[in-house]
Structures are given as structure tokens and as C-alpha cells.
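J.: There's a structure below that I have some questions on.
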Amino acid sequence: MTRYLLPAATAAAALTAFPAAAQDHQHHEGMEMPAPLPTPAPAPTAAPADAHAGHDMSGMPDDDGGQEFPSVAASWPREGNGSGTSRLPRMGGGGHNGLHLMTRDWMVMVHGYAWGTYTDQSGPRGDRMASVQSMAMITADRDFGGGTRLELRSMLSLEPAMGARGYPNLLATGETANGVSLVDRQHPHDLFMELAGRIDVRVGNGSLFLYGGPVAEPALGPSAFMHRPSARYLPLAPISHHWFDSTHISYGVVTAGFSQRRFQIEASAFRGREPDERRWNIETPALDSWSVRASWEPSPRWLAQVSYGRINSPEAMHPGQDEGRATASIQYGDGGFSAMIAFSAKDRMPGPTLTAWLGETNWNVAGGHNLFGRVEIVENDELFPDHADPLHDSVFRVAKFEGGYAYRIPLTENVNLALGGSVMTYAKPAALDPYYGKPLGFTGFAKLSLGD
């Protein structure tokens with residue numbers, strides 16, 4: 001493990017997607033929750049997440065004052081919930097509140113964004129492209145009394161319209177387009193990103209929950225990158241996506257767990273095969289893989305998770321190869337500053353064990369001004385998918401460094417515009433120089449959102 005100490009220290013220094021339904025119900029970070037389970041009422045419009053900048057948060061509580069709560073899942077609002085059933089620091093600056101409506105006994109939330117980007121990445125394998133990442137979500141919550149609560153979720157994207165090859169993303173690999181492996185590209189998300197439901201039943205000081213649906217996210221890894229406050233304005237997907245959170249769109253998921261205010265343990269059965277390149281349809285669900293995850297919240301600013309999954313034949317180009325994936329992550333958030341450091345090891349069965357380190361952060365400096373960055377160090381054996389290539393299946397340790405700035409402009413009470421950009425540089429073995437040269441990259445973007 002000694003060869004990972006330097007990457008770990010480096011990472012620690014450091015929409016084609018859309019925030020999770022549960023996270024979208026957050027109030028201001030750090031607001032203390034009442035112990036009883038109240039009847040849901042229309043959630044007040046939350047102030048923009050950037051409004052926390054400049055506030056003195058040192059006086060906010062780091063604990064729950066010794067008071068027991070039913071659980072994050074069985075409380076209203078669901079502070080600290082991320083994508084699927086994952087959790088985030090409750091003071092992490094989510095602020096994705098969208099538009100809330102009351103329809104009889106149901107609380108309905110609508111959220112969405114269109115994220116226009118232009119990226120230019122140099123070198124022999126580089127490319128340039130303008131694209132639009134998009135997302136729309138409608139969720140509905142209902143309290144049935146007696147500590148029982150139901151949530152229905154839908155999440156959609158028009159990213160399939162950008163084409164099967166997605167957008168340029170040097171050193172990224174995973175999934176296919178036109179029958180071949182995608183390399184140095186990020187695949188678009190499917191039209192259906194989530195069609196799922198969750199029911200919680202209070203049990204003592206916690207709750208039992210059941211989650212799942214034909215399109216959902218199993219209990220594996222940290223919250224998906226597009227839902228993490230630390231990645232709020234990072235315009236491109238991580239090159240480590242298929243080490244940490246590529247299962248966030250799985251066709252067929254059933255998850256059961258127990259949740260308390262500070263702790264959650266859960267297990268999932270799900271379909272291991274990644275989505276195919278026909279991204280407008282719903283694929284046949286299956287339950288051929290499994291995962292377990294434990295999450296711990298020592299204080300409202302911190303969240304740690306460890307997870308393991310046995311994934312059945314995840315990649316279409318390697319139909320007989322299973323994967324054992326282990327992840328661990330620590331996240332921090334105080335409303336104005338969010339960060340995460342994470343480690344993953346995926347054990348190909350048969351094949352090598354490939355590791356990845358990831359560090360990312362978003363800092364609301366003042367007003368609408370944000371600085372953000374990401375560091376990734378990945379062992380990858382898919383950069384040369386052609387079996388005739390002498391470097392086919394060779395493992396290369398590569399790194400990507402990205403940093404940028406975004407300015408967030410509130411247009412109306414619920415609509416915001418963020419303008420910004422980032423620069424990228426890379427580190428790789430000399431053996432890759434003939435193929436990649438010494439690439440640099442930049443990305444500019446305009447993110448129009450309902451909610452965050």
C-alpha cells in the first residue's frame with residue numbers, strides 16, 4: 001500500500017446528471033430536526049446554497065445535542081440523503097430545492113437543469129465538442145402516519161440526443177457505442193435514470209426501509225457524482241466513474257436497510273450489466289448481483305461510507321468477467337465548503353485488481369463566486385480495447401487534475417444560472433506519450449437550473 005500514500009495525500013488536497021430526490025427536500029444545512037415525525041407541510045423555498053457563504057457556521061451544532069431522532073429516512077425533511085439510498089453530510093450545502101407543490105396528501109417536487117458545455121482537449125486522442133447535459137425530476141412524498149412514509153421518484157435525461165458516443169473526456173473508459181468500447185469519451189446517461197419508490201417504517205430510534213424499482217441505484221459506493229455538492233460545478237464526469245458510481249443507473253434494484261440519525265446499513269440485489277448503447281428504452285430488469293454498504297455520520301459536517309459489491313458481468317465487451325468492487329469515502333460539508341476523498345478497488349474475476357483515488361471540492365468563496373477542483377489517480381486496462389494492439393489489456397496508472405471557477409446568478413426565486421469554466425492537465429507513463437502527447441484541456445459552461 002505504500003505506493004498509494006502519495007496519491008492519497010494528493011487527492012486529499014484536492015449533471016450530466018441531477019441531484020437525488022431525497023437531497024432535493026433539504027432545508028438549510030444544520031437546521032435542527034424535531035424528534036416526532038410531523039405531518040408533511042409545504043417546504044419553504046430554500047435560499048440558494050451560495051447564500052451560506054460568509055455566514056459564521058462555527059456556532060452551529062456538530063452533534064444532535066444527545067437527542068435521539070427516528071432516522072434521516074423517516075424525518076421530514078430528509079436532510080443528508082443523496083442519490084438512491086446513499087447519504088451526504090447534513091450540512092453539506094445541497095440546497096437542491098426545486099419547486100414544491102402540495103396535492104392533497106402528497107408533496108410534489110419538480111427540479112431540473114440544462115447544462116450547456118464546450119470542451120476542447122488536445123493531443124492525438126483529444127477532441128472538441130459542444131453538448132447539452134440535461135435532467136428533469138419529479139418526486140412525490142406522502143406521510144401515512146404512525147411513522148410510515150412513501151416516496152415515489154422519477155428522473156429523466158435527454159442526453160441520449162447527443163449520440164451514442166457522448167462527449168470527449170480524455171482517459172475515461174466504460175460502456176460501448178456502435179458496438180465498440182468507449183475510450184476517451186463519456187457516455188450519455190439514459191432517458192430513464194430513475195423510476196423507483198421507497199417506503200420507511202419507524203422502528204424505535206430508527207427506521208426500516210425498502211427501496212427499488214425497474215431503474216434505480218443499489219447500495220454501492222458514495223453518492224453519484226452528479227449529486228455530490230463537492231462536484232456541483234465540475235462540468236465533466238470523473239474518469240474514475242466506473243470505479244465508484246457507475247451502478248447509479250441499474251435496471252432492476254431491491255434494497256433493504258436500517259437507518260438511524262448517525263448510522264445506516266443496507267443491502268441490495270440488482271442487475272450487474274451496465275446500460276447498453278440503446279439509451280431511450282428500459283432494459284429488462286434482473287437481480288443477479290449484490291452489494292452491502294454501511295454509512296456513518298459522526299457529526300452533521302461529516303459522512304463516511306464503506307461498501308462492497310459482487311457485480312455480474314458488468315461490461316458488454318467482457319461478458320464472462322465479473323467484478324468485486326470495494327469502495328470507501330469520507331465527505332465533508334459546512335454549507336459553503338464541500339469536499340470528498342474516496343478510494344476504490346475493483347477486482348476483475350478473472351483479471352487484475354485495479355484501484356482509483358478521487359478527491360474533489362467546491363468552495364463558495366463569497367456571494368455567487370465558487371472555486372472547484374478534482375484530482376483522480378486511476379489504474380486502467382481499457383485504454384487500448386483492440387485485441388490486436390500490443391498494449392491491449394496493459395494496466396496504466398494515469399491521473400487527471402482539474403480546477404475551475406463558477407459564478408452563480410439567481411434569476412428568480414427558483415431559477416439560477418451558473419457561468420464558469422475549468423482547465424485540465426494529465427499525468428501518465430511515458431509509454432502513452434505517442435498516443436496522447438502532452439494534452440491539456442479546457443471547458444466552458446452555462447448551467448441553467450430550477451432549484452440549485
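The way I read the labels, and the way they are meant: chains A, B, ... in the order of the C-alpha cells, residue 1 as the first residue of every chain, and ligand 1 as the first ligand shown, with later ones counted on from there.
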Identify, on the basis of only C-alpha atoms, every residue whose closest approach to Phe442 of chain A does not exceed 8 Å; exclude the query and any residue fewer than 6 positions from it along the same chain; express the result as a ChimeraX atom specification.
T.: /A:119-121,421-424
J.: Could you take the residues named above and write them with C-alpha atoms, as a short mmCIF file (atom, residue, chain, number, x, y, z; two decimals), in the first residue's frame?
T.:
data_model
loop_
_atom_site.label_atom_id
_atom_site.label_comp_id
_atom_site.auth_asym_id
_atom_site.auth_seq_id
_atom_site.Cartn_x
_atom_site.Cartn_y
_atom_site.Cartn_z
CA THR A 119 -14.83 21.23 -24.13
CA ASP A 120 -11.54 21.23 -26.05
CA GLN A 121 -8.96 18.58 -25.16
CA GLY A 421 -15.15 27.01 -16.81
CA SER A 422 -12.28 24.72 -15.90
CA VAL A 423 -8.81 23.74 -17.08
CA MET A 424 -7.41 20.21 -17.12
#
J.: Residues of segment 86-180 of chain A in helix (DSSP H, G or I) according to DSSP, as a PyMOL selection string?
T.: chain A and resi 159-162
J.: Contacts of Ala140 of chain A at 12 Å or less, counting only C-alpha atoms, minus same-chain residues fewer than 4 places along, as a ChimeraX atom specification?
T.: /A:21-22,24-25,40,42,99-111,149-155,195-199
J.: Filtering to C-alpha atoms, could you give me those residues as an mmCIF file, in the first residue's frame?
T.:
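Writing done, so here's part06.cif:
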data_model
loop_
_atom_site.group_PDB
_atom_site.id
_atom_site.type_symbol
_atom_site.label_atom_id
_atom_site.label_comp_id
_atom_site.auth_asym_id
_atom_site.auth_seq_id
_atom_site.Cartn_x
_atom_site.Cartn_y
_atom_site.Cartn_z
ATOM 1 C CA ALA A 21 -34.786 13.270 -4.974
ATOM 2 C CA ALA A 22 -34.132 12.930 -1.278
ATOM 3 C CA ASP A 24 -33.804 17.955 -3.047
ATOM 4 C CA HIS A 25 -36.023 18.091 0.039
ATOM 5 C CA PRO A 40 -45.598 16.941 5.863
ATOM 6 C CA PRO A 42 -45.200 22.582 2.043
ATOM 7 C CA LEU A 99 -40.332 23.825 -6.931
ATOM 8 C CA HIS A 100 -42.579 22.336 -4.225
ATOM 9 C CA LEU A 101 -46.322 21.797 -4.592
ATOM 10 C CA MET A 102 -48.937 20.286 -2.304
ATOM 11 C CA THR A 103 -51.508 17.999 -3.950
ATOM 12 C CA ARG A 104 -53.911 16.756 -1.290
ATOM 13 C CA ASP A 105 -51.807 14.388 0.823
ATOM 14 C CA TRP A 106 -48.762 14.466 -1.456
ATOM 15 C CA MET A 107 -45.783 16.792 -1.514
ATOM 16 C CA VAL A 108 -44.559 17.063 -5.116
ATOM 17 C CA MET A 109 -41.135 18.417 -6.024
ATOM 18 C CA VAL A 110 -40.000 19.390 -9.541
ATOM 19 C CA HIS A 111 -36.355 20.015 -10.305
ATOM 20 C CA ARG A 149 -43.735 7.290 4.751
ATOM 21 C CA LEU A 150 -43.731 6.671 0.971
ATOM 22 C CA GLU A 151 -41.674 8.395 -1.692
ATOM 23 C CA LEU A 152 -42.016 7.943 -5.469
ATOM 24 C CA ARG A 153 -39.180 9.079 -7.728
ATOM 25 C CA SER A 154 -38.687 9.719 -11.424
ATOM 26 C CA MET A 155 -35.558 11.089 -13.066
ATOM 27 C CA LEU A 195 -38.059 5.042 -11.725
ATOM 28 C CA ALA A 196 -38.256 3.891 -8.142
ATOM 29 C CA GLY A 197 -40.008 4.079 -4.820
ATOM 30 C CA ARG A 198 -39.063 3.995 -1.156
ATOM 31 C CA ILE A 199 -41.071 3.194 1.948
#
J.: Considering only strand (DSSP E or B) as DSSP defines it on the backbone, what residues of segment 85-328 of chain A qualify? List them as an MDAnalysis selection string.
T.: chainID A and resid 87 99:103 106:121 128:145 148:156 167:177 180:186 192:203 206:216 250 253:259 263:270 289:299 302:311 322:328
J.: List the neighbours of His242 of chain A out to 9 Å using only C-alpha atoms; skip same-chain residues closer than 5 positions along the sequence, and give me the result as a list in words.
T.: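 Everything that qualifies: Ala172, Thr173, Gly174 and Thr247 of chain A.
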J.: Nearest residue to Leu383 of chain A out of A:Ser295, A:Thr443, A:Ser181, A:Asn312, using only C-alpha atoms?
T.: A:Ser181
J.: Give me, please, the distance in Å between atom CA of Ala339 of chain A and atom CA of Glu360 of chain A, quoted to one decimal.
T.: 5.6 Å
